[in-house]
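Source file protein_28.txt; content: compact mmCIF, C-alpha atoms.
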# COMPACT_ATOMS: atom_id res chain seq x y z
CA MET C 1 -9.95 108.02 -2.19
CA ILE C 2 -7.18 105.47 -2.54
CA ALA C 3 -9.42 102.68 -1.26
CA ARG C 4 -12.10 103.61 -3.81
CA SER C 5 -9.52 103.82 -6.57
CA ARG C 6 -8.30 100.38 -5.62
CA GLY C 7 -11.82 99.11 -6.17
CA GLY C 8 -11.69 100.40 -9.75
CA ASP C 9 -13.53 103.69 -9.18
CA HIS C 10 -12.46 105.97 -12.02
CA ARG C 11 -13.84 109.11 -10.43
CA ALA C 12 -11.88 108.53 -7.23
CA PHE C 13 -8.72 107.94 -9.19
CA GLU C 14 -9.35 111.07 -11.23
CA GLU C 15 -9.53 113.05 -8.00
CA LEU C 16 -6.31 111.46 -6.86
CA VAL C 17 -4.52 112.37 -10.08
CA LEU C 18 -5.93 115.88 -9.99
CA GLN C 19 -4.67 116.32 -6.47
CA HIS C 20 -1.13 115.18 -7.28
CA GLN C 21 -0.64 116.16 -10.90
CA GLY C 22 1.05 119.50 -10.15
CA TYR C 23 3.49 118.03 -7.70
CA SER C 24 4.25 115.05 -9.94
CA TYR C 25 4.81 117.18 -13.02
CA ALA C 26 7.03 119.64 -11.15
CA LEU C 27 9.14 116.81 -9.78
CA ALA C 28 9.43 115.16 -13.20
CA VAL C 29 10.43 118.45 -14.84
CA ARG C 30 13.13 118.94 -12.22
CA PHE C 31 14.53 115.54 -13.01
CA LEU C 32 14.18 115.58 -16.75
CA GLY C 33 14.40 119.29 -17.52
CA ASN C 34 12.14 118.79 -20.49
CA PRO C 35 8.38 119.42 -20.23
CA GLU C 36 7.46 116.92 -22.91
CA ASP C 37 9.46 114.16 -21.27
CA ALA C 38 8.04 115.13 -17.90
CA ARG C 39 4.45 114.90 -19.17
CA GLU C 40 5.14 111.48 -20.67
CA ALA C 41 6.81 110.30 -17.48
CA VAL C 42 3.91 111.48 -15.31
CA GLN C 43 1.31 109.80 -17.54
CA GLU C 44 3.32 106.61 -17.41
CA VAL C 45 3.64 106.87 -13.63
CA PHE C 46 -0.10 107.34 -13.07
CA LEU C 47 -0.92 104.45 -15.36
CA ARG C 48 1.55 102.33 -13.44
CA ILE C 49 -0.09 103.43 -10.20
CA TRP C 50 -3.55 102.54 -11.52
CA THR C 51 -2.44 99.01 -12.31
CA ARG C 52 -0.47 98.60 -9.08
CA LEU C 53 -2.67 100.29 -6.52
CA HIS C 54 -3.19 96.92 -4.88
CA SER C 55 0.51 96.88 -3.91
CA PHE C 56 0.33 100.25 -2.12
CA ASP C 57 1.08 99.90 1.57
CA PRO C 58 -1.40 102.08 3.52
CA ALA C 59 1.18 102.31 6.31
CA ARG C 60 3.16 104.67 4.05
CA THR C 61 2.03 108.00 2.73
CA PHE C 62 0.73 108.07 -0.80
CA LYS C 63 2.95 111.03 -1.64
CA ALA C 64 6.09 109.13 -0.65
CA TRP C 65 5.00 106.14 -2.74
CA LEU C 66 4.15 108.36 -5.69
CA SER C 67 7.44 110.26 -5.39
CA ARG C 68 9.40 107.07 -5.36
CA ILE C 69 7.71 105.84 -8.52
CA ILE C 70 8.32 109.20 -10.21
CA VAL C 71 11.98 109.25 -9.18
CA ASN C 72 12.52 105.73 -10.49
CA ALA C 73 10.67 106.46 -13.73
CA CYS C 74 12.72 109.62 -14.30
CA LEU C 75 16.02 107.94 -13.50
CA ASP C 76 15.11 105.12 -15.90
CA ARG C 77 14.33 107.64 -18.62
CA ILE C 78 17.58 109.48 -18.09
CA ARG C 79 19.53 106.27 -18.16
CA ASP C 80 17.73 104.85 -21.17
CA ARG C 81 17.64 107.85 -23.40
CA ARG C 82 20.83 109.59 -22.34
CA ARG C 83 19.24 112.80 -23.43
CA ARG C 84 20.81 116.11 -22.87
CA VAL C 85 18.71 118.36 -20.71
CA ALA C 86 17.85 121.24 -22.91
CA LEU C 87 14.75 123.17 -23.62
CA PRO C 88 13.42 123.06 -27.12
CA MET C 89 13.92 126.48 -28.65
CA ASN C 90 10.20 127.08 -29.06
CA GLU C 91 9.15 125.86 -25.65
CA ASP C 92 9.37 127.82 -22.46
CA ILE C 93 9.07 125.77 -19.32
CA THR C 94 8.16 128.71 -17.09
CA ARG C 95 6.28 131.02 -19.45
CA ASP C 96 5.01 134.23 -17.96
CA ASP C 97 3.64 133.13 -14.66
CA PRO C 98 1.03 135.69 -13.53
CA SER C 99 1.54 134.53 -9.96
CA GLY C 100 5.27 135.30 -10.18
CA ASP C 101 7.09 138.32 -8.83
CA PRO C 102 6.07 141.33 -10.98
CA LYS C 103 9.32 143.09 -10.09
CA ARG C 104 11.36 140.54 -12.02
CA GLY C 105 12.36 141.70 -15.42
CA PRO C 106 12.20 139.35 -18.39
CA GLU C 107 15.98 139.39 -18.68
CA GLN C 108 16.40 138.19 -15.12
CA GLU C 109 13.72 135.56 -15.64
CA HIS C 110 15.53 134.28 -18.69
CA ALA C 111 18.85 134.19 -16.82
CA LYS C 112 17.31 132.24 -13.98
CA ARG C 113 15.72 129.79 -16.36
CA GLU C 114 19.12 129.24 -17.92
CA LEU C 115 20.50 128.68 -14.44
CA PHE C 116 17.83 126.10 -13.70
CA HIS C 117 18.73 124.18 -16.84
CA LEU C 118 22.42 124.39 -16.13
CA ILE C 119 21.89 122.93 -12.68
CA VAL C 120 19.60 120.18 -13.95
CA GLU C 121 22.15 119.35 -16.63
CA MET C 122 24.94 119.20 -14.06
CA ALA C 123 22.79 117.00 -11.84
CA GLU C 124 22.45 114.57 -14.72
CA HIS C 125 26.12 113.75 -14.43
CA LEU C 126 25.79 112.78 -10.77
CA PRO C 127 25.33 109.15 -9.72
CA PRO C 128 21.59 108.30 -9.59
CA ARG C 129 21.25 108.32 -5.79
CA GLN C 130 23.08 111.66 -5.42
CA ARG C 131 21.06 113.13 -8.28
CA ALA C 132 17.80 112.04 -6.68
CA VAL C 133 18.73 113.43 -3.28
CA PHE C 134 19.93 116.74 -4.72
CA ILE C 135 16.84 117.30 -6.86
CA LEU C 136 14.42 116.28 -4.13
CA ARG C 137 16.12 118.51 -1.58
CA ASP C 138 17.41 121.52 -3.47
CA LEU C 139 15.00 121.82 -6.37
CA GLN C 140 11.85 120.15 -5.07
CA ASP C 141 12.46 121.46 -1.54
CA LEU C 142 11.48 118.32 0.35
CA GLU C 143 12.49 117.68 3.96
CA MET C 144 15.33 115.30 4.74
CA ASP C 145 13.09 112.68 6.36
CA GLU C 146 10.67 112.82 3.43
CA ILE C 147 13.56 112.14 1.07
CA ALA C 148 14.74 109.26 3.23
CA ALA C 149 11.22 107.78 3.12
CA ILE C 150 10.91 108.22 -0.65
CA LEU C 151 14.25 106.65 -1.42
CA ALA C 152 13.93 104.10 1.38
CA VAL C 153 17.36 104.98 2.77
CA SER C 154 18.57 106.21 6.14
CA PRO C 155 18.75 109.96 6.93
CA GLY C 156 22.52 109.55 7.25
CA SER C 157 22.70 108.24 3.71
CA VAL C 158 20.62 111.20 2.50
CA LYS C 159 23.05 113.63 4.18
CA SER C 160 26.09 111.87 2.80
CA ASN C 161 24.72 111.82 -0.75
CA LEU C 162 23.63 115.43 -0.45
CA CYS C 163 27.15 116.47 0.63
CA HIS C 164 28.72 114.81 -2.40
CA ALA C 165 26.10 116.12 -4.79
CA ARG C 166 26.28 119.70 -3.57
CA ARG C 167 30.06 119.72 -3.66
CA ALA C 168 29.99 118.64 -7.31
CA ILE C 169 27.24 121.08 -8.26
CA ARG C 170 28.90 123.99 -6.47
CA LYS C 171 32.20 123.24 -8.14
CA GLY C 172 30.47 123.19 -11.51
CA LEU C 173 28.64 126.45 -10.83
CA LEU C 174 31.83 128.25 -9.80
CA GLU C 175 33.56 127.03 -12.96
CA LEU C 176 30.67 128.33 -15.05
CA GLU C 177 30.83 131.65 -13.26
CA GLN C 178 34.52 131.92 -14.12
CA LYS C 179 33.64 131.27 -17.75
CA GLY C 180 31.09 134.06 -17.56
CA ARG C 181 28.06 131.83 -18.10
CA ILE C 182 26.47 132.79 -14.77
CA ARG C 183 25.85 136.28 -13.58
CA HIS C 184 27.10 136.94 -10.08
CA ASP C 185 24.16 139.14 -9.18
CA LEU C 186 21.47 136.50 -9.74
CA MET H 1 36.74 119.94 14.43
CA THR H 2 39.04 119.26 11.49
CA CYS H 3 38.87 121.20 8.25
CA LYS H 4 37.86 118.02 6.42
CA ARG H 5 34.84 117.55 8.67
CA ALA H 6 34.05 121.28 8.57
CA ARG H 7 33.94 121.25 4.76
CA GLN H 8 31.58 118.31 4.89
CA TYR H 9 29.31 120.20 7.25
CA LEU H 10 29.53 123.31 5.11
CA GLN H 11 27.74 121.42 2.37
CA LEU H 12 24.76 120.93 4.66
CA SER H 13 23.91 124.58 4.76
CA ARG H 14 20.12 124.60 4.66
CA PRO H 15 17.97 124.67 7.78
CA GLY H 16 17.36 121.31 9.37
CA GLU H 17 20.32 119.61 7.74
CA LEU H 18 22.67 119.94 10.70
CA GLY H 19 21.90 119.49 14.42
CA SER H 20 22.36 122.46 16.74
CA ARG H 21 25.53 120.97 18.25
CA GLU H 22 27.15 120.46 14.84
CA ARG H 23 26.15 123.98 13.82
CA ARG H 24 27.83 125.46 16.88
CA ARG H 25 31.00 123.47 16.35
CA LEU H 26 31.09 124.46 12.69
CA ALA H 27 30.58 128.12 13.50
CA ALA H 28 33.43 128.00 15.99
CA HIS H 29 35.73 126.35 13.44
CA VAL H 30 34.86 128.78 10.65
CA HIS H 31 35.45 131.67 13.00
CA ARG H 32 39.08 130.71 13.45
CA CYS H 33 39.84 129.06 10.06
CA SER H 34 40.15 131.48 7.17
CA ALA H 35 40.17 128.76 4.47
CA CYS H 36 36.92 127.29 5.68
CA ALA H 37 35.49 130.79 6.06
CA ALA H 38 36.33 131.46 2.42
CA GLU H 39 34.62 128.25 1.40
CA GLU H 40 31.55 129.19 3.41
CA LYS H 41 31.45 132.51 1.57
CA ALA H 42 31.69 130.79 -1.80
CA ASN H 43 28.97 128.40 -0.75
CA ARG H 44 26.68 131.30 0.05
CA GLN H 45 26.93 132.43 -3.55
CA THR H 46 26.24 128.97 -4.98
CA ASP H 47 23.39 128.52 -2.48
CA ALA H 48 21.84 131.70 -3.87
CA TRP H 49 22.06 130.33 -7.40
CA ILE H 50 20.54 127.01 -6.38
CA ALA H 51 17.78 128.86 -4.52
CA GLY H 52 17.16 130.87 -7.67
CA ALA H 53 16.79 127.67 -9.68
CA ARG H 54 14.44 126.30 -7.02
CA GLU H 55 12.16 129.30 -7.47
CA PHE H 56 11.34 128.16 -10.93
CA SER H 57 8.37 125.92 -11.10
CA PRO H 58 6.73 124.66 -14.23
CA HIS H 59 3.67 126.50 -15.32
CA PRO H 60 0.53 125.02 -13.69
CA GLU H 61 -1.25 124.96 -17.05
CA ASP H 62 1.15 122.30 -18.27
CA ALA H 63 0.07 119.98 -15.49
CA SER H 64 -3.64 120.81 -15.66
CA SER H 65 -4.25 118.79 -18.79
CA LEU H 66 -2.51 115.78 -17.32
CA THR H 67 -5.48 114.41 -15.42
CA ALA H 68 -7.62 114.24 -18.55
CA VAL H 69 -4.85 112.54 -20.51
CA VAL H 70 -4.16 110.07 -17.71
CA MET H 71 -7.85 109.25 -17.29
CA ASP H 72 -8.24 108.68 -21.03
CA ALA H 73 -5.32 106.27 -20.90
CA VAL H 74 -6.78 104.55 -17.82
CA ARG H 75 -10.18 104.09 -19.49
CA ASP H 76 -8.51 102.86 -22.64
CA LEU H 77 -6.47 100.37 -20.66
CA ASP H 78 -9.54 99.16 -18.77
CA SER H 79 -11.64 98.78 -21.91
CA LYS H 80 -8.83 96.81 -23.56
CA ARG H 81 -8.62 94.57 -20.55
CA SER H 82 -12.35 94.04 -20.27
CA GLY H 83 -12.59 93.57 -24.05
CA GLN H 84 -10.02 90.83 -23.86
CA LYS H 85 -11.92 89.14 -21.09
CA ARG H 86 -15.51 89.51 -22.19
CA THR H 87 -15.67 89.18 -25.98
CA PRO H 88 -17.36 85.84 -26.63
CA ALA H 89 -15.66 83.32 -28.88
CA ALA H 90 -18.62 83.50 -31.27
CA ALA H 91 -18.14 87.26 -31.72
CA ARG H 92 -14.46 86.79 -32.46
CA LEU H 93 -15.05 83.92 -34.90
CA PHE H 94 -17.99 85.50 -36.76
CA PRO H 95 -17.87 89.24 -36.07
CA HIS H 96 -20.24 90.14 -38.92
CA ALA H 97 -22.84 87.53 -38.03
CA TRP H 98 -22.51 88.50 -34.37
CA GLN H 99 -23.59 92.05 -35.14
CA GLY H 100 -26.76 91.02 -36.97
CA PHE H 101 -27.61 87.55 -35.69
CA PRO H 102 -25.91 86.70 -32.43
CA ALA H 103 -27.85 83.43 -32.09
CA LEU H 104 -26.76 82.28 -35.55
CA SER H 105 -23.14 83.10 -34.83
CA LYS H 106 -23.40 81.15 -31.58
CA ILE H 107 -24.75 78.10 -33.48
CA LEU H 108 -22.01 78.44 -36.10
CA ALA H 109 -19.38 78.75 -33.42
CA GLY H 110 -20.82 75.67 -31.70
CA GLY H 111 -20.68 73.75 -34.98
CA VAL H 112 -17.07 74.75 -35.52
CA MET H 113 -16.24 73.62 -31.99
CA VAL H 114 -17.95 70.21 -32.53
CA LEU H 115 -16.17 69.77 -35.87
CA LEU H 116 -12.85 70.59 -34.28
CA ALA H 117 -13.57 68.15 -31.45
CA VAL H 118 -14.42 65.33 -33.92
CA LEU H 119 -11.28 66.03 -35.93
CA ALA H 120 -9.22 66.02 -32.80
CA ALA H 121 -10.76 62.72 -31.66
CA GLN H 122 -10.12 61.07 -35.04
CA THR H 123 -6.58 62.32 -35.14
CA TRP H 124 -6.09 60.94 -31.66
CA ILE H 125 -7.44 57.51 -32.70
CA VAL H 126 -5.19 57.35 -35.77
CA LEU H 127 -2.20 58.39 -33.75
CA ARG H 128 -2.99 55.71 -31.18
CA LYS H 129 -3.16 53.07 -33.92
CA VAL H 130 0.10 54.17 -35.46
CA SER H 131 1.82 54.22 -32.13
CA SER H 132 0.53 50.73 -31.19
CA LEU H 133 1.72 49.41 -34.58
CA GLN H 134 5.11 50.98 -34.01
CA GLU H 135 5.26 49.42 -30.58
CA ALA H 136 4.37 46.00 -32.02
CA MET H 137 7.04 46.32 -34.69
CA ALA H 138 9.62 47.33 -32.16
CA LEU H 139 8.68 44.52 -29.79
CA SER H 140 8.70 41.73 -32.31
CA GLY H 141 11.99 42.86 -33.82
CA GLU H 142 12.97 40.98 -36.90
CA ARG H 143 9.97 38.65 -36.65
CA ALA H 144 7.67 41.61 -37.07
CA LEU H 145 9.04 42.23 -40.52
CA ALA H 146 6.57 41.21 -43.16
CA SER H 147 8.80 38.48 -44.61
CA ARG H 148 12.36 37.37 -44.94
CA GLU H 149 12.35 38.84 -48.40
CA GLU H 150 12.36 42.27 -46.89
CA ILE H 151 15.80 41.66 -45.44
CA SER H 152 18.45 42.88 -47.79
CA PRO H 153 20.49 40.24 -49.71
CA PRO H 154 23.80 41.21 -48.09
CA ILE H 155 22.40 40.36 -44.68
CA LEU H 156 20.87 37.14 -45.97
CA VAL H 157 24.14 36.00 -47.50
CA ARG H 158 26.10 36.83 -44.40
CA ARG H 159 23.69 34.84 -42.28
CA ALA H 160 23.42 31.93 -44.67
CA VAL H 161 27.19 31.68 -44.98
CA ALA H 162 27.54 31.67 -41.24
CA GLY H 163 24.82 29.01 -40.98
CA LEU H 164 26.38 26.75 -43.64
CA GLU H 165 29.77 27.01 -42.02
CA ALA H 166 28.43 26.00 -38.62
CA PRO H 167 29.76 22.62 -37.41
CA GLY H 168 27.56 19.64 -38.28
CA GLU H 169 26.24 17.02 -35.92
CA THR H 170 27.27 13.38 -35.84
CA ASP H 171 24.66 10.66 -35.26
CA ARG H 172 25.07 7.32 -33.36
CA SER H 173 26.30 5.55 -36.46
CA GLY H 174 29.06 8.15 -36.93
CA ARG H 175 27.50 9.94 -39.88
CA GLU H 176 27.88 13.71 -40.03
CA TRP H 177 24.75 15.79 -40.58
CA LEU H 178 24.47 19.34 -41.71
CA VAL H 179 21.98 20.79 -39.26
CA LEU H 180 20.73 24.30 -39.83
CA GLU H 181 18.82 26.73 -37.66
CA LYS H 182 15.40 27.57 -39.03
CA ALA H 183 16.48 31.16 -39.51
CA THR H 184 19.40 30.06 -41.69
CA LEU H 185 17.13 27.85 -43.74
CA ASP H 186 14.73 30.73 -44.23
CA ASP H 187 17.61 32.91 -45.34
CA LEU H 188 18.72 30.34 -47.87
CA PHE H 189 15.23 30.02 -49.32
CA ALA H 190 15.04 33.76 -49.61
CA LEU H 191 18.38 33.82 -51.39
CA ALA H 192 17.25 31.14 -53.82
CA ARG H 193 14.97 33.71 -55.43
CA HIS H 194 18.08 35.25 -56.94
CA LEU H 195 19.13 31.98 -58.69
CA SER H 196 18.11 30.76 -62.10
CA ALA H 197 14.90 28.71 -62.30
CA GLU H 198 16.76 25.42 -62.76
CA ASP H 199 19.14 26.12 -59.90
CA PHE H 200 16.30 27.26 -57.76
CA ILE H 201 14.52 23.89 -58.06
CA ARG H 202 17.66 21.95 -57.18
CA PHE H 203 18.58 24.34 -54.41
CA GLU H 204 15.15 23.98 -52.92
CA ARG H 205 15.22 20.22 -53.18
CA ILE H 206 18.52 20.05 -51.31
CA LEU H 207 17.39 22.47 -48.69
CA SER H 208 14.27 20.46 -48.04
CA ARG H 209 16.47 17.49 -47.10
CA ILE H 210 18.61 19.39 -44.61
CA PRO H 211 17.72 18.68 -41.00
CA CYS H 212 16.47 21.77 -39.32
CA LYS H 213 16.14 22.81 -35.70
CA PRO H 214 13.61 22.71 -34.16
CA TRP H 215 11.58 20.84 -36.80
CA GLY H 216 13.26 17.45 -36.66
CA THR H 217 15.44 15.60 -39.15
CA SER H 218 15.34 14.94 -42.87
CA PRO H 219 15.39 11.38 -44.44
CA GLY H 220 19.17 11.27 -44.71
CA PRO H 221 22.50 13.13 -44.79
CA LEU H 222 23.48 15.31 -47.69
CA SER H 223 25.53 13.66 -50.38
CA GLU H 224 28.96 15.06 -51.16
CA GLU H 225 27.58 16.26 -54.49
CA ASP H 226 24.75 18.15 -52.78
CA ARG H 227 27.14 19.69 -50.35
CA MET H 228 29.39 20.84 -53.21
CA PHE H 229 26.38 22.29 -55.02
CA LEU H 230 25.40 24.29 -51.95
CA LEU H 231 28.91 25.65 -51.56
CA GLU H 232 29.07 26.48 -55.25
CA LYS H 233 25.76 28.33 -55.12
CA ARG H 234 26.83 30.08 -52.00
CA ASN H 235 29.91 31.34 -53.86
CA GLU H 236 27.75 32.39 -56.78
CA LEU H 237 25.61 34.36 -54.42
CA ARG H 238 28.67 36.00 -52.96
CA ILE H 239 29.88 37.01 -56.41
CA TRP H 240 26.41 38.27 -57.29
CA LEU H 241 26.40 40.25 -54.12
CA ARG H 242 29.77 41.83 -54.85
CA GLY H 243 28.45 42.83 -58.28
CA ARG H 244 25.69 44.82 -56.62
structure tokens encoding of this file:
Amino acid sequence: MIARSRGGDHRAFEELVLQHQGYSYALAVRFLGNPEDAREAVQEVFLRIWTRLHSFDPARTFKAWLSRIIVNACLDRIRDRRRRVALPMNEDITRDDPSGDPKRGPEQEHAKRELFHLIVEMAEHLPPRQRAVFILRDLQDLEMDEIAAILAVSPGSVKSNLCHARRAIRKGLLELEQKGRIRHDL
Amino acid sequence: MTCKRARQYLQLSRPGELGSRERRRLAAHVHRCSACAAEEKANRQTDAWIAGAREFSPHPEDASSLTAVVMDAVRDLDSKRSGQKRTPAAARLFPHAWQGFPALSKILAGGVMVLLAVLAAQTWIVLRKVSSLQEAMALSGERALASREEISPPILVRRAVAGLEAPGETDRSGREWLVLEKATLDDLFALARHLSAEDFIRFERILSRIPCKPWGTSPGPLSEEDRMFLLEKRNELRIWLRGR
């Protein structure tokens, strides 16, 4: 599919985008916290990929290459715009997912969504490398070696950055709990 | 294991983040250190919150429209690129004619190209001529100037004065001659234009008798009267010059 896309085959590239759009969007949302920004970032990333497919190294996995481009694009956006991560009042990032747990009440869903945004907002204050490692590991749920491949760093560096990032996030969460902004039972 | 190291390891709480040996050492340390055990407990709570945040994933519908949007952008980009490459010059120069009569617009475009080429060639020829003239002027220096009259009077006077004050030459019989360089003589003739008609005639007559290098000698030396006249006129010219 990648080889055909490289040759300028639109249909092959469409399949490639279709295959990775969910993953890419989810990753971008976790970085940017804002669905509109995430959509823009993903469009920009796929356009960039279309024009730079010739530079893709087949020795690497496409997902790692894609993730790296998304991470860089998101970090650039965060740095450039210095936007606060906040949902627009009229836009719900999660909506009512029919595939979700039916036992969850709407109140709990809302609280968890708030929690997600609080964590993403806290992550925004981390240094870029720590932020990337934390989001890829704790929100995107990637394996340590995948993260090392995406960021082109050693596994030791991933661990070290993760330690620092988690310490900062945990400290922030406990402070918020003391202020009563997080429910203990979540 | 020290508490510092244990608290580092406590951050790596998810499966696969610590090796089995480190996990065992950490468990042993936490078992006997109440402070680290308390931190582990607090971490469990924050881990639960982070896990809760991880459960949230954006709605798939939001991503489903992405492929169509991306592909539209890709096609747009490609058409722009190909448009830039493939639109003929004739279509860009005469878009209206191109739509109806492509052959005519090609002929028109060809004509424009030929006209531009001719203009460019003529401009090039003129520029070549100008540059060769400039080179000639620069090479010939003062001699390339159209005439001595083009040199400003102040320069002429300065030169003529210097020429008249140059030491004379003495012949075998001991007579002193006023010998001028041709350039000085030319300067003096040019200056004579600024004299009155009567003075001009006399001035010219005297000058014609002055021996000149490299043209040879005149019939005889200047008389004292002629020499005085020259000096007088020279002074007049100086005064005239100051008045300007």
Give me, as a Markdown table, the closest atom pair and its distance (Å, one decimal) for every residue of chain H within a cut-off of 6 Å of chain C, counting all atoms listed in the file, rows sorted by chain and rising number.
| residue | atom | partner | partner_atom | distance |
| --- | --- | --- | --- | --- |
| H:Gln11 | CA | C:Cys163 | CA | 5.3 |
| H:Thr46 | CA | C:Arg170 | CA | 5.8 |
| H:Ala53 | CA | C:Phe116 | CA | 4.4 |
| H:Arg54 | CA | C:Leu139 | CA | 4.6 |
| H:Pro58 | CA | C:Thr94 | CA | 5.2 |
| H:His59 | CA | C:Thr94 | CA | 5.3 |
| H:Ala63 | CA | C:Gly22 | CA | 5.5 |
| H:Thr67 | CA | C:Leu18 | CA | 5.6 |
| H:Val70 | CA | C:Gln43 | CA | 5.5 |
Selection from above, C-alpha atoms, as a PDB file, keeping the file's coordinate frame, can you write it?
ATOM      1  CA  GLN H  11      27.740 121.420   2.370  1.00  0.00           C
ATOM      2  CA  THR H  46      26.240 128.970  -4.980  1.00  0.00           C
ATOM      3  CA  ALA H  53      16.790 127.670  -9.680  1.00  0.00           C
ATOM      4  CA  ARG H  54      14.440 126.300  -7.020  1.00  0.00           C
ATOM      5  CA  PRO H  58       6.730 124.660 -14.230  1.00  0.00           C
ATOM      6  CA  HIS H  59       3.670 126.500 -15.320  1.00  0.00           C
ATOM      7  CA  ALA H  63       0.070 119.980 -15.490  1.00  0.00           C
ATOM      8  CA  THR H  67      -5.480 114.410 -15.420  1.00  0.00           C
ATOM      9  CA  VAL H  70      -4.160 110.070 -17.710  1.00  0.00           C
TER      10      VAL H  70
END
Between atom CA of Ala168 of chain C and atom CA of Arg32 of chain H lies a distance of 25.7 Å
List as a PyMOL selection string the residues having at least one atom at most 12 Å from position (31.5, 130.4, 4.1) as given in the file, counting all atoms listed in the file. chain H and resi 6-7+9-13+26-27+29-31+33-47
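In this model, the gap between atom CA of Arg181 of chain C and atom CA of Trp49 of chain H comes to 12.4 Å.
Coordinates place atom CA of Arg81 of chain H at a distance of 15.4 Å from atom CA of Asp9 of chain C.
Considering the residues H:Ala183, H:Leu127, H:Gln8, H:Val118 and counting all atoms listed in the file, Asn161 of chain C has its shortest atom-to-atom contact with H:Gln8.
Near Leu66 of chain C, within 8 Å and counting only C-alpha atoms, sit Ser24, Ile49, Phe62 and Ile70 of chain C; same-chain residues fewer than 4 positions away were not included.
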Determine, counting only C-alpha atoms, every residue of protein, DNA or RNA that lies within 9 Å of (10.6, 113.2, -0.2) in the file coordinates, then give the result as a list in words. Lys63, Ala64, Ser67, Arg68, Val133, Leu136, Arg137, Gln140, Asp141, Leu142, Glu143, Met144, Asp145, Glu146, Ile147, Ala148, Ala149, Ile150 and Leu151 of chain C
